[in-house]
$ cat run.cif   # mmCIF, C-alpha atoms and all ligand atoms
data_input
loop_
_atom_site.label_atom_id
_atom_site.label_comp_id
_atom_site.auth_asym_id
_atom_site.auth_seq_id
_atom_site.Cartn_x
_atom_site.Cartn_y
_atom_site.Cartn_z
CA MET P 1 2.48 37.72 27.63
CA ASP P 2 0.21 34.66 27.66
CA ALA P 3 1.45 31.16 26.85
CA ASN P 4 -0.46 30.86 23.55
CA PHE P 5 0.88 34.15 22.29
CA LYS P 6 4.38 33.14 23.31
CA SER P 7 4.25 29.77 21.61
CA GLU P 8 2.97 31.43 18.43
CA HIS P 9 5.63 34.11 18.30
CA PHE P 10 8.74 32.28 19.36
CA PHE P 11 10.67 29.48 17.70
CA THR P 12 10.45 26.79 20.32
CA ASP P 13 12.73 24.17 18.81
CA THR P 14 15.90 26.16 19.28
CA GLU P 15 17.75 22.89 20.06
CA LYS P 16 17.53 22.11 16.35
CA LEU P 17 18.41 25.51 14.92
CA SER P 18 19.82 25.02 11.46
CA GLN P 19 22.83 26.83 10.08
CA GLU P 20 20.45 28.74 7.81
CA GLU P 21 18.38 29.93 10.75
CA ILE P 22 21.44 31.02 12.67
CA GLU P 23 22.74 32.95 9.69
CA SER P 24 19.34 34.50 9.05
CA SER P 25 19.52 36.01 12.52
CA GLY P 26 22.05 38.41 11.01
CA LYS P 27 25.03 37.04 12.87
CA ASN P 28 28.18 36.34 10.98
CA ILE P 29 28.88 32.77 12.02
CA PRO P 30 31.54 30.59 10.37
CA PRO P 31 30.51 27.35 8.60
CA MET P 32 29.69 24.23 10.59
CA ASN P 33 32.42 22.06 9.09
CA ASP P 34 34.99 23.94 11.16
CA SER P 35 35.24 21.84 14.35
CA ASN P 36 36.11 24.89 16.49
CA SER P 37 33.62 27.18 14.77
CA THR P 38 31.35 29.63 16.53
CA THR P 39 28.41 27.58 15.23
CA ASN P 40 29.59 24.54 17.09
CA LYS P 41 30.06 26.59 20.22
CA PHE P 42 26.57 27.96 19.69
CA LEU P 43 25.06 24.51 19.36
CA LYS P 44 26.62 23.51 22.67
CA ILE P 45 24.68 26.18 24.55
CA PRO P 46 22.29 24.42 26.92
CA TYR P 47 18.70 24.64 25.74
CA GLU P 48 17.54 26.73 28.69
CA LEU P 49 20.31 29.28 28.09
CA ARG P 50 19.61 29.83 24.40
CA LYS P 51 18.00 33.09 23.46
CA THR P 52 14.68 32.48 21.73
CA LYS P 53 14.13 34.09 18.38
CA ILE P 54 10.86 35.86 17.70
CA ASN P 55 9.06 35.39 14.42
CA TYR P 56 7.59 38.84 13.95
CA ASN P 57 5.92 37.90 10.67
CA ILE P 58 3.30 35.84 12.48
CA GLU P 59 1.81 39.06 13.87
CA LYS P 60 -0.45 40.48 11.16
CA ASN P 61 -1.50 43.67 12.92
CA ILE P 62 1.14 46.22 11.83
CA PHE P 63 0.87 48.33 14.98
CA LYS P 64 1.18 45.29 17.27
CA LYS P 65 4.08 44.02 15.18
CA PHE P 66 5.79 47.40 15.52
CA LEU P 67 5.35 47.37 19.31
CA LEU P 68 6.54 43.77 19.50
CA LYS P 69 9.71 44.66 17.60
CA LEU P 70 10.26 47.79 19.68
CA LYS P 71 10.09 45.72 22.84
CA ASN P 72 12.15 42.77 21.75
CA ASP P 73 14.69 44.11 19.28
CA SER P 74 16.90 46.77 20.86
CA GLN P 75 18.47 47.69 17.53
CA PHE P 76 15.06 48.25 15.97
CA MET P 77 14.13 50.44 18.92
CA ARG P 78 17.40 52.34 18.66
CA SER P 79 16.94 52.98 14.93
CA THR P 80 13.39 54.16 15.59
CA VAL P 81 14.53 56.59 18.30
CA GLN P 82 17.45 57.79 16.16
CA THR P 83 15.18 58.38 13.15
CA ALA P 84 12.59 60.21 15.25
CA PHE P 85 15.25 62.48 16.74
CA LEU P 86 16.84 63.14 13.35
CA LEU P 87 13.42 64.06 11.91
CA LEU P 88 12.86 66.38 14.87
CA CYS P 89 16.17 68.10 14.14
CA ILE P 90 15.27 68.41 10.44
CA TRP P 91 11.94 69.95 11.46
CA ILE P 92 13.78 72.44 13.70
CA GLY P 93 16.03 73.23 10.72
CA ILE P 94 13.02 73.92 8.48
CA GLU P 95 11.40 76.17 11.10
CA PHE P 96 14.63 78.07 11.59
CA TYR P 97 15.02 78.49 7.82
CA LEU P 98 11.52 80.03 7.66
CA PHE P 99 12.35 82.32 10.60
CA MET P 100 15.55 83.42 8.85
CA LYS P 101 13.68 83.98 5.60
CA TRP P 102 11.39 86.37 7.46
CA GLY P 103 14.30 88.14 9.14
CA MET P 104 16.46 88.46 6.03
CA SER P 105 13.50 89.87 4.08
CA ASN P 106 13.28 92.61 6.69
CA GLY P 107 9.95 91.29 7.86
CA GLN P 108 8.37 91.18 4.38
CA ALA P 109 8.01 87.37 4.27
CA SER P 110 5.53 85.60 6.58
CA PHE P 111 6.66 85.41 10.19
CA PHE P 112 7.68 82.08 11.69
CA GLU P 113 8.59 81.68 15.35
CA ARG P 114 12.25 80.86 15.98
CA PRO P 115 12.42 77.21 17.18
CA PRO P 116 14.16 77.20 20.62
CA GLY P 117 15.56 73.71 19.91
CA VAL P 118 18.10 75.33 17.58
CA GLU P 119 20.03 76.34 20.71
CA GLY P 120 20.97 72.69 21.13
CA PHE P 121 23.53 73.34 18.41
CA LEU P 122 25.33 76.03 20.44
CA PRO P 123 27.36 73.90 22.87
CA ILE P 124 29.94 76.57 23.83
CA SER P 125 27.25 79.06 24.71
CA ALA P 126 25.50 76.29 26.67
CA LEU P 127 28.67 75.44 28.60
CA ILE P 128 29.06 79.12 29.59
CA SER P 129 25.35 79.25 30.51
CA LEU P 130 25.80 76.20 32.75
CA LYS P 131 28.80 77.66 34.59
CA TYR P 132 26.98 80.97 34.90
CA TRP P 133 23.92 79.23 36.34
CA ILE P 134 25.99 77.22 38.84
CA GLU P 135 27.95 80.27 40.03
CA SER P 136 25.25 82.93 39.96
CA GLY P 137 22.06 80.88 40.35
CA ILE P 138 20.61 82.65 37.30
CA ILE P 139 19.19 80.89 34.26
CA ASN P 140 20.00 83.27 31.43
CA ASN P 141 17.13 84.32 29.19
CA ILE P 142 19.16 84.61 25.98
CA HIS P 143 19.64 80.89 25.25
CA PRO P 144 17.73 79.13 28.07
CA SER P 145 16.70 76.11 25.98
CA GLY P 146 20.35 75.56 25.01
CA LEU P 147 21.15 75.32 28.72
CA PHE P 148 18.38 72.78 29.38
CA ILE P 149 19.24 70.68 26.33
CA PHE P 150 22.85 70.67 27.53
CA ILE P 151 21.79 69.60 31.04
CA ALA P 152 19.62 66.85 29.51
CA ILE P 153 22.58 65.55 27.49
CA LEU P 154 24.90 65.67 30.52
CA THR P 155 22.32 63.86 32.64
CA THR P 156 22.01 61.04 30.11
CA GLY P 157 25.81 60.90 30.15
CA ILE P 158 26.03 60.62 33.93
CA LEU P 159 23.17 58.13 34.31
CA LEU P 160 23.25 56.14 31.07
CA LYS P 161 26.79 56.48 29.77
CA LYS P 162 27.36 57.83 26.28
CA SER P 163 23.89 56.73 25.22
CA PHE P 164 23.14 60.19 23.80
CA CYS P 165 25.73 59.48 21.07
CA GLY P 166 24.31 56.07 20.22
CA TRP P 167 20.60 56.81 20.53
CA LEU P 168 19.85 60.51 20.03
CA CYS P 169 22.63 62.59 18.49
CA PRO P 170 21.76 63.43 14.85
CA VAL P 171 25.45 63.64 13.94
CA GLY P 172 25.95 60.17 15.46
CA THR P 173 23.02 58.87 13.42
CA ILE P 174 24.42 60.32 10.19
CA SER P 175 27.90 58.94 11.03
CA GLU P 176 26.39 55.50 11.61
CA ALA P 177 24.46 55.66 8.31
CA LEU P 178 27.69 56.63 6.52
CA TRP P 179 29.82 53.75 7.83
CA MET P 180 26.98 51.32 7.10
CA LEU P 181 26.81 52.69 3.57
CA GLY P 182 30.60 52.35 3.30
CA LYS P 183 30.34 48.74 4.45
CA LYS P 184 27.67 48.06 1.87
CA ILE P 185 29.69 49.61 -0.96
CA PHE P 186 33.17 48.35 -0.08
CA GLY P 187 32.26 45.20 1.85
CA LYS P 188 33.96 46.31 5.06
CA ASN P 189 35.09 49.25 7.15
CA LEU P 190 38.68 50.02 8.03
CA THR P 191 40.01 49.55 11.53
CA VAL P 192 42.60 52.11 12.56
CA ASN P 193 45.71 50.56 14.02
CA ARG P 194 46.06 50.93 17.79
CA TRP P 195 49.21 53.06 17.59
CA LEU P 196 47.27 55.62 15.54
CA ASP P 197 43.85 55.09 17.11
CA TYR P 198 44.87 56.13 20.66
CA PRO P 199 46.53 59.45 19.72
CA LEU P 200 43.66 60.26 17.36
CA ARG P 201 41.11 59.52 20.08
CA SER P 202 42.88 61.96 22.37
CA LEU P 203 42.25 64.80 19.86
CA LYS P 204 38.66 65.22 21.00
CA TYR P 205 39.81 65.41 24.62
CA LEU P 206 42.33 68.13 23.68
CA LEU P 207 39.56 70.11 22.00
CA LEU P 208 37.37 69.67 25.08
CA LEU P 209 40.25 70.75 27.33
CA PHE P 210 40.76 73.87 25.24
CA PHE P 211 37.10 74.91 25.61
CA ALA P 212 36.93 73.87 29.28
CA ILE P 213 40.05 75.88 30.24
CA SER P 214 38.87 78.96 28.33
CA ILE P 215 35.48 78.85 30.04
CA TRP P 216 36.91 77.91 33.44
CA GLN P 217 38.82 81.20 33.51
CA MET P 218 35.65 83.27 33.08
CA ASP P 219 34.23 84.85 36.22
CA VAL P 220 30.55 85.76 36.67
CA PRO P 221 30.80 89.37 35.32
CA THR P 222 32.74 88.14 32.25
CA MET P 223 30.20 85.40 31.60
CA ASN P 224 27.37 87.88 32.04
CA LEU P 225 29.07 90.16 29.53
CA PHE P 226 29.36 87.31 27.03
CA ILE P 227 25.83 85.99 27.50
CA ASN P 228 24.25 89.41 26.96
CA SER P 229 26.58 90.40 24.13
CA PRO P 230 25.10 91.10 20.69
CA TYR P 231 27.38 88.34 19.39
CA ASN P 232 25.86 85.68 21.66
CA LYS P 233 22.33 86.93 21.05
CA VAL P 234 22.66 86.12 17.36
CA ALA P 235 24.93 83.05 17.70
CA ASP P 236 22.23 80.80 16.21
CA ILE P 237 21.70 83.22 13.31
CA LYS P 238 25.42 83.34 12.63
CA MET P 239 25.53 79.53 12.68
CA TYR P 240 22.75 79.47 10.07
CA LEU P 241 24.58 81.98 7.87
CA PHE P 242 27.78 79.96 8.21
CA PHE P 243 26.06 76.98 6.57
CA ALA P 244 23.89 79.02 4.19
CA ASN P 245 26.94 80.90 2.84
CA ILE P 246 29.42 78.13 3.39
CA THR P 247 32.99 78.82 2.30
CA THR P 248 34.77 76.43 -0.05
CA PHE P 249 37.19 75.51 2.74
CA ALA P 250 34.39 74.64 5.19
CA LEU P 251 32.51 72.68 2.54
CA TRP P 252 35.58 70.63 1.65
CA THR P 253 36.24 70.00 5.35
CA ILE P 254 32.72 68.56 5.72
CA ILE P 255 33.06 66.48 2.54
CA ILE P 256 36.42 65.07 3.70
CA LEU P 257 34.97 64.24 7.14
CA MET P 258 32.06 62.46 5.44
CA LEU P 259 34.43 60.51 3.20
CA PHE P 260 36.46 59.39 6.22
CA SER P 261 33.19 58.38 7.90
CA LEU P 262 32.40 56.05 4.99
CA PHE P 263 35.57 54.06 5.69
CA ILE P 264 36.03 54.41 9.45
CA LYS P 265 33.18 53.76 11.85
CA ASN P 266 31.98 56.95 13.54
CA PHE P 267 35.09 58.90 12.47
CA TRP P 268 33.88 62.29 13.72
CA CYS P 269 32.47 60.93 17.00
CA ARG P 270 35.50 58.78 17.80
CA TYR P 271 38.24 61.28 17.04
CA LEU P 272 36.98 64.84 16.93
CA CYS P 273 33.71 65.50 18.76
CA PRO P 274 34.32 67.39 22.04
CA TYR P 275 30.74 66.57 23.10
CA GLY P 276 31.60 62.88 22.78
CA ALA P 277 34.75 63.50 24.85
CA LEU P 278 32.72 65.15 27.60
CA LEU P 279 30.17 62.32 27.65
CA GLY P 280 32.96 59.74 27.49
CA ALA P 281 34.60 61.28 30.56
CA LEU P 282 31.27 61.42 32.41
CA SER P 283 30.51 57.82 31.45
CA TRP P 284 32.93 56.53 34.08
CA LEU P 285 30.52 57.89 36.72
CA SER P 286 27.57 56.10 35.17
CA PRO P 287 25.78 53.52 37.35
CA THR P 288 24.87 51.50 34.24
CA LYS P 289 27.38 49.36 32.37
CA ILE P 290 27.44 46.45 29.93
CA LYS P 291 28.38 43.37 31.98
CA ARG P 292 29.46 39.92 30.80
CA ASN P 293 28.79 36.76 32.76
CA LYS P 294 32.03 34.83 32.40
CA SER P 295 30.55 31.54 33.58
CA THR P 296 27.97 31.29 30.79
CA CYS P 297 29.93 33.05 28.02
CA ILE P 298 30.89 30.68 25.17
CA ASP P 299 33.58 33.00 23.78
CA CYS P 300 31.88 33.22 20.41
CA GLU P 301 33.03 36.86 20.06
CA LEU P 302 29.78 37.89 18.40
CA CYS P 303 29.60 40.80 20.84
CA THR P 304 33.02 42.10 19.80
CA LYS P 305 32.23 41.63 16.10
CA SER P 306 29.04 43.65 16.43
CA CYS P 307 30.54 46.53 18.43
CA PRO P 308 30.70 49.75 16.37
CA SER P 309 33.28 51.13 18.80
CA ASN P 310 35.69 48.21 18.31
CA ILE P 311 35.60 47.27 21.99
CA LYS P 312 36.81 43.75 22.86
CA VAL P 313 33.63 42.98 24.75
CA HIS P 314 34.32 39.24 24.95
CA ARG P 315 37.49 39.90 26.95
CA VAL P 316 36.08 42.05 29.74
CA ASN P 317 33.66 41.48 32.58
CA LYS P 318 32.42 45.04 32.54
CA VAL P 319 32.68 47.57 29.69
CA TRP P 320 34.36 50.66 31.11
CA SER P 321 35.52 52.06 27.78
CA ASP P 322 34.80 55.75 27.22
CA GLU P 323 33.92 54.79 23.63
CA CYS P 324 30.96 52.60 24.67
CA MET P 325 27.70 54.28 23.63
CA ASN P 326 25.45 51.73 25.31
CA CYS P 327 24.04 51.04 21.87
CA LEU P 328 23.24 47.45 22.99
CA ALA P 329 24.38 45.97 19.65
CA CYS P 330 26.62 43.54 21.58
CA VAL P 331 23.79 42.59 23.95
CA GLU P 332 21.51 41.91 20.99
CA ALA P 333 24.18 39.80 19.27
CA CYS P 334 24.95 37.61 22.27
CA PRO P 335 23.27 34.21 21.74
CA VAL P 336 23.28 33.16 25.41
CA LYS P 337 20.63 34.27 27.90
CA ASN P 338 21.71 36.40 30.87
CA THR P 339 25.29 36.51 29.64
CA LEU P 340 25.68 40.00 28.27
CA ASP P 341 23.34 42.64 29.60
CA ILE P 342 23.14 46.20 30.68
CA ARG P 343 23.19 46.22 34.48
CA THR P 344 23.47 48.61 37.38
CA THR P 345 26.99 48.66 38.77
CA LEU P 346 26.12 48.56 42.47
CA THR P 347 23.20 46.13 42.66
CA ASN P 348 23.94 44.21 39.45
CA THR P 349 20.29 44.55 38.45
CA LYS P 350 19.60 43.71 34.83
CA ILE P 351 17.88 46.51 32.89
CA PRO P 352 15.72 45.12 30.06
CA ASN P 353 16.85 46.56 26.73
CA TYR P 354 13.55 48.29 25.98
CA ILE P 355 13.46 49.87 29.46
CA PHE P 356 16.92 51.26 28.81
CA GLY P 357 15.71 52.80 25.53
CA ILE P 358 12.68 54.29 27.29
CA LEU P 359 14.93 55.72 30.03
CA ILE P 360 17.11 57.59 27.51
CA VAL P 361 14.11 59.20 25.85
CA PHE P 362 12.45 59.86 29.22
CA VAL P 363 15.47 61.68 30.70
CA PHE P 364 15.77 63.87 27.63
CA VAL P 365 12.07 64.66 27.33
CA ALA P 366 11.65 65.21 31.10
CA ILE P 367 14.43 67.80 31.34
CA THR P 368 13.50 69.70 28.17
CA GLY P 369 9.83 69.43 29.24
CA LEU P 370 10.77 70.96 32.60
CA ALA P 371 12.26 73.93 30.74
CA MET P 372 8.95 74.38 28.90
CA LEU P 373 6.86 74.09 32.06
CA THR P 374 9.01 76.60 33.97
CA ASP P 375 8.99 79.14 31.11
CA ASN P 376 12.68 78.58 30.38
CA TRP P 377 12.27 77.38 26.82
CA GLN P 378 11.55 80.45 24.71
CA ASN P 379 14.12 83.23 25.07
CA LYS P 380 13.20 86.82 25.83
CA ILE P 381 14.45 88.38 22.61
CA SER P 382 11.52 90.03 20.88
CA LYS P 383 10.59 89.78 17.22
CA GLU P 384 11.43 93.48 16.76
CA GLU P 385 14.84 93.07 18.36
CA TYR P 386 15.67 90.14 16.07
CA LEU P 387 14.67 92.17 13.03
CA LYS P 388 16.85 95.08 14.12
CA ARG P 389 19.85 92.81 14.82
CA MET P 390 19.52 90.93 11.53
CA ASN P 391 19.85 94.26 9.77
CA GLU P 392 23.13 95.12 11.45
CA LEU P 393 24.96 91.79 11.37
CA ASP P 394 27.88 93.33 9.45
CA THR P 395 28.73 95.84 12.20
CA PRO P 396 31.78 95.16 14.45
CA VAL P 397 29.79 94.17 17.58
CA TYR P 398 28.69 90.98 15.81
CA GLN P 399 32.15 89.91 14.73
CA HIS P 400 34.20 87.45 16.74
CA ASN P 401 37.55 89.10 17.29
CA ARG P 402 40.34 86.55 17.92
CA GLY P 403 38.31 84.66 20.48
CA GLN P 404 37.26 87.88 22.23
CA VAL P 405 33.72 89.18 22.44
CA PRO P 406 33.75 92.70 20.91
CA GLU P 407 33.11 95.55 23.31
CA TYR P 408 29.55 96.82 23.21
CA GLY P 409 27.51 99.56 24.79
CA PRO P 410 24.09 99.62 26.49
CA ASN P 411 22.37 100.41 23.18
CA ASP P 412 23.99 97.56 21.22
S1 LIG V 501 30.34 47.67 23.96
FE1 LIG V 501 28.29 47.09 23.31
S2 LIG V 501 27.01 48.80 23.97
FE2 LIG V 501 29.12 49.52 24.01
S3 LIG V 501 29.43 50.48 22.01
FE3 LIG V 501 30.13 48.32 21.84
S4 LIG V 501 28.29 47.27 21.09
FE4 LIG V 501 27.57 49.22 21.84
S1 LIG V 502 29.37 37.62 25.84
FE1 LIG V 502 30.19 37.79 23.77
S2 LIG V 502 31.60 36.09 23.57
FE2 LIG V 502 30.31 35.64 25.35
S3 LIG V 502 28.62 34.45 24.56
FE3 LIG V 502 27.94 36.56 24.51
S4 LIG V 502 28.46 37.25 22.46
FE4 LIG V 502 29.61 35.37 22.79
#

$ encode --input "run.cif" --output "structure tokens"
Amino acid sequence: MDANFKSEHFFTDTEKLSQEEIESSGKNIPPMNDSNSTTNKFLKIPYELRKTKINYNIEKNIFKKFLLKLKNDSQFMRSTVQTAFLLLCIWIGIEFYLFMKWGMSNGQASFFERPPGVEGFLPISALISLKYWIESGIINNIHPSGLFIFIAILTTGILLKKSFCGWLCPVGTISEALWMLGKKIFGKNLTVNRWLDYPLRSLKYLLLLFFAISIWQMDVPTMNLFINSPYNKVADIKMYLFFANITTFALWTIIILMLFSLFIKNFWCRYLCPYGALLGALSWLSPTKIKRNKSTCIDCELCTKSCPSNIKVHRVNKVWSDECMNCLACVEACPVKNTLDIRTTLTNTKIPNYIFGILIVFVFVAITGLAMLTDNWQNKISKEEYLKRMNELDTPVYQHNRGQVPEYGPND
């Protein structure tokens, strides 16, 4: 960035930031007449340590302005990535609806290819596929894209903490939109008391444990039997029909979960999502963590106030919490340069916010792209086979029988 550009786009006189300017940065800072206020602490930050604020409005070219914001505002970048991923999921949903319309009309409606991305919503099948692949060396051809999407999510978890939840997951995005809406309507969100929060947070780990133990006990022949079962072959179709013909009980469950999400930040993700539990457990292995520089921190607590996971960021040197989604909201809120950043644990190298965002997208796209390049994206179930199976969904081989896959023969 050249000097002229920089001087045009940044406020240079940060020494004289007014209360109005500080507040307009979106940070909730108490009034200046309080002698111990955050504002006073802020004004004591040495000039060279103050974060400069970019005036995006000076850039008239919309595309350049967009790129400038993407690079310099991590929360803008995160919202952009979240929106793009949500739109992708909606697109997959539309394609799958058209595929189902064809199938349910017995092939009378126009044919639409089944979108392989739909397998990303079959996590149990993907977990079995992963264990099967590790133990047998075989990538199954029933739900191969589900396996690769699962590997991509796990890889982001191992390398970049729970960033999948904060940057990509469509359910996480909807949860975030709901608590923001709740905050707008009611003025604030509720914080669950610690004595209730901890036991509730363990629920998702119990759910994960239940699935993990059930799958752990499966040997290769049993997994093979499950993967090739008629039930698993139409698992995505059954999921569609579950939502298309939703029962009153299921609908009320979703409505109640959404209502809770209005009041409590990320209710589903924090307390019930087994995927979040798995990524939270993996996050301890991650070589990237939010780190605070104690010597330059002014204890303004803006990081803690901005954290959607209610983590006391201002009290720790390194955020280990399994609830941290590496959303970078705390990093963005911190007013002091080089004080709160995402860094590598071993070498303490600072990762620029926009590079971190690019890394998340890159890991996900690279692994799913690898599946496409190696012909492991589309499954090997033919159009004719789908049509035949959609006609016999009511027969016993497609029913889940008390957690057991129904017995089936070579012609099923
Ligand atoms: S600690 Fe920071 S990065 Fe982690 S969830 Fe809270 S705000 Fe996001
Ligand atoms: S790390 Fe947190 S408490 Fe310290 S200066 Fe930054 S925002 Fe304030």

$ residues_near_ligand --input "run.cif" --ligand "ligand LIG 501 (chain V)" --cutoff "6 Å" --atoms "all atoms listed in the file" --output "mmCIF file with C-alpha atoms, keeping the file's coordinate frame"
data_model
loop_
_atom_site.group_PDB
_atom_site.id
_atom_site.type_symbol
_atom_site.label_atom_id
_atom_site.label_comp_id
_atom_site.auth_asym_id
_atom_site.auth_seq_id
_atom_site.Cartn_x
_atom_site.Cartn_y
_atom_site.Cartn_z
ATOM 1 C CA SER P 306 29.040 43.650 16.430
ATOM 2 C CA CYS P 307 30.540 46.530 18.430
ATOM 3 C CA PRO P 308 30.700 49.750 16.370
ATOM 4 C CA SER P 309 33.280 51.130 18.800
ATOM 5 C CA ILE P 311 35.600 47.270 21.990
ATOM 6 C CA VAL P 313 33.630 42.980 24.750
ATOM 7 C CA CYS P 324 30.960 52.600 24.670
ATOM 8 C CA MET P 325 27.700 54.280 23.630
ATOM 9 C CA ASN P 326 25.450 51.730 25.310
ATOM 10 C CA CYS P 327 24.040 51.040 21.870
ATOM 11 C CA LEU P 328 23.240 47.450 22.990
ATOM 12 C CA ALA P 329 24.380 45.970 19.650
ATOM 13 C CA CYS P 330 26.620 43.540 21.580
#

$ residues_around --input "run.cif" --residues "P:Thr368" --least-positions-apart "5" --cutoff "8 Å" --atoms "only C-alpha atoms" --output "PyMOL selection string"
chain P and resi 145+148-149+152+377

$ atom_distance --input "run.cif" --atom1 "atom CA of P:Pro221" --atom2 "atom CA of P:Asp236"
22.6 Å

$ atom_distance --input "run.cif" --atom1 "atom CA of P:Thr288" --atom2 "atom CA of P:Ile342"
6.6 Å

$ residues_near_ligand --input "run.cif" --ligand "ligand LIG 502 (chain V)" --cutoff "12 Å" --atoms "all atoms listed in the file" --output "PDB file with C-alpha atoms, keeping the file's coordinate frame"
ATOM      1  CA  LYS P  27      25.030  37.040  12.870  1.00  0.00           C
ATOM      2  CA  ASN P  28      28.180  36.340  10.980  1.00  0.00           C
ATOM      3  CA  ILE P  29      28.880  32.770  12.020  1.00  0.00           C
ATOM      4  CA  THR P  38      31.350  29.630  16.530  1.00  0.00           C
ATOM      5  CA  THR P  39      28.410  27.580  15.230  1.00  0.00           C
ATOM      6  CA  LYS P  41      30.060  26.590  20.220  1.00  0.00           C
ATOM      7  CA  PHE P  42      26.570  27.960  19.690  1.00  0.00           C
ATOM      8  CA  LEU P  43      25.060  24.510  19.360  1.00  0.00           C
ATOM      9  CA  LYS P  44      26.620  23.510  22.670  1.00  0.00           C
ATOM     10  CA  ILE P  45      24.680  26.180  24.550  1.00  0.00           C
ATOM     11  CA  LEU P  49      20.310  29.280  28.090  1.00  0.00           C
ATOM     12  CA  ARG P  50      19.610  29.830  24.400  1.00  0.00           C
ATOM     13  CA  LYS P  51      18.000  33.090  23.460  1.00  0.00           C
ATOM     14  CA  ILE P 290      27.440  46.450  29.930  1.00  0.00           C
ATOM     15  CA  LYS P 291      28.380  43.370  31.980  1.00  0.00           C
ATOM     16  CA  ARG P 292      29.460  39.920  30.800  1.00  0.00           C
ATOM     17  CA  ASN P 293      28.790  36.760  32.760  1.00  0.00           C
ATOM     18  CA  LYS P 294      32.030  34.830  32.400  1.00  0.00           C
ATOM     19  CA  SER P 295      30.550  31.540  33.580  1.00  0.00           C
ATOM     20  CA  THR P 296      27.970  31.290  30.790  1.00  0.00           C
ATOM     21  CA  CYS P 297      29.930  33.050  28.020  1.00  0.00           C
ATOM     22  CA  ILE P 298      30.890  30.680  25.170  1.00  0.00           C
ATOM     23  CA  ASP P 299      33.580  33.000  23.780  1.00  0.00           C
ATOM     24  CA  CYS P 300      31.880  33.220  20.410  1.00  0.00           C
ATOM     25  CA  GLU P 301      33.030  36.860  20.060  1.00  0.00           C
ATOM     26  CA  LEU P 302      29.780  37.890  18.400  1.00  0.00           C
ATOM     27  CA  CYS P 303      29.600  40.800  20.840  1.00  0.00           C
ATOM     28  CA  THR P 304      33.020  42.100  19.800  1.00  0.00           C
ATOM     29  CA  LYS P 305      32.230  41.630  16.100  1.00  0.00           C
ATOM     30  CA  SER P 306      29.040  43.650  16.430  1.00  0.00           C
ATOM     31  CA  CYS P 307      30.540  46.530  18.430  1.00  0.00           C
ATOM     32  CA  ILE P 311      35.600  47.270  21.990  1.00  0.00           C
ATOM     33  CA  LYS P 312      36.810  43.750  22.860  1.00  0.00           C
ATOM     34  CA  VAL P 313      33.630  42.980  24.750  1.00  0.00           C
ATOM     35  CA  HIS P 314      34.320  39.240  24.950  1.00  0.00           C
ATOM     36  CA  ARG P 315      37.490  39.900  26.950  1.00  0.00           C
ATOM     37  CA  VAL P 316      36.080  42.050  29.740  1.00  0.00           C
ATOM     38  CA  ASN P 317      33.660  41.480  32.580  1.00  0.00           C
ATOM     39  CA  LYS P 318      32.420  45.040  32.540  1.00  0.00           C
ATOM     40  CA  VAL P 319      32.680  47.570  29.690  1.00  0.00           C
ATOM     41  CA  LEU P 328      23.240  47.450  22.990  1.00  0.00           C
ATOM     42  CA  ALA P 329      24.380  45.970  19.650  1.00  0.00           C
ATOM     43  CA  CYS P 330      26.620  43.540  21.580  1.00  0.00           C
ATOM     44  CA  VAL P 331      23.790  42.590  23.950  1.00  0.00           C
ATOM     45  CA  GLU P 332      21.510  41.910  20.990  1.00  0.00           C
ATOM     46  CA  ALA P 333      24.180  39.800  19.270  1.00  0.00           C
ATOM     47  CA  CYS P 334      24.950  37.610  22.270  1.00  0.00           C
ATOM     48  CA  PRO P 335      23.270  34.210  21.740  1.00  0.00           C
ATOM     49  CA  VAL P 336      23.280  33.160  25.410  1.00  0.00           C
ATOM     50  CA  LYS P 337      20.630  34.270  27.900  1.00  0.00           C
ATOM     51  CA  ASN P 338      21.710  36.400  30.870  1.00  0.00           C
ATOM     52  CA  THR P 339      25.290  36.510  29.640  1.00  0.00           C
ATOM     53  CA  LEU P 340      25.680  40.000  28.270  1.00  0.00           C
ATOM     54  CA  ASP P 341      23.340  42.640  29.600  1.00  0.00           C
ATOM     55  CA  ILE P 342      23.140  46.200  30.680  1.00  0.00           C
TER      56      ILE P 342
END

$ closest_atom_pairs --input "run.cif" --of "stretch 204-265 of chain P" --to "stretch 384-387 of chain P" --cutoff "10 Å" --atoms "all atoms listed in the file" --output "Markdown table"
| residue | atom | partner | partner_atom | distance |
| --- | --- | --- | --- | --- |
| P:Lys233 | CA | P:Tyr386 | CA | 8.9 |
| P:Val234 | CA | P:Tyr386 | CA | 8.2 |
| P:Ile237 | CA | P:Tyr386 | CA | 9.6 |

$ write_last_selection --input "run.cif" --atoms "C-alpha atoms" --output "short mmCIF file (atom, residue, chain, number, x, y, z; two decimals), in the frame of the given file"
data_model
loop_
_atom_site.label_atom_id
_atom_site.label_comp_id
_atom_site.auth_asym_id
_atom_site.auth_seq_id
_atom_site.Cartn_x
_atom_site.Cartn_y
_atom_site.Cartn_z
CA LYS P 233 22.33 86.93 21.05
CA VAL P 234 22.66 86.12 17.36
CA ILE P 237 21.70 83.22 13.31
#

$ axis_aligned_box --input "run.cif" --around "stretch 43-62 of chain P" --padding-each-side "5 Å" --output "AutoDock Vina command-line options"
--center_x 12.6 --center_y 34.9 --center_z 19.7 --size_x 38.1 --size_y 32.7 --size_z 28.0

$ residues_around --input "run.cif" --residues "P:Leu98" --least-positions-apart "2" --cutoff "12 Å" --atoms "all atoms listed in the file" --output "list in words"
Trp91, Ile92, Gly93, Ile94, Glu95, Phe96, Met100, Lys101, Trp102, Gly103, Met104, Ser105, Gly107, Ala109, Ser110, Phe111, Phe112, Glu113, Arg114, Pro115 and Tyr240 of chain P
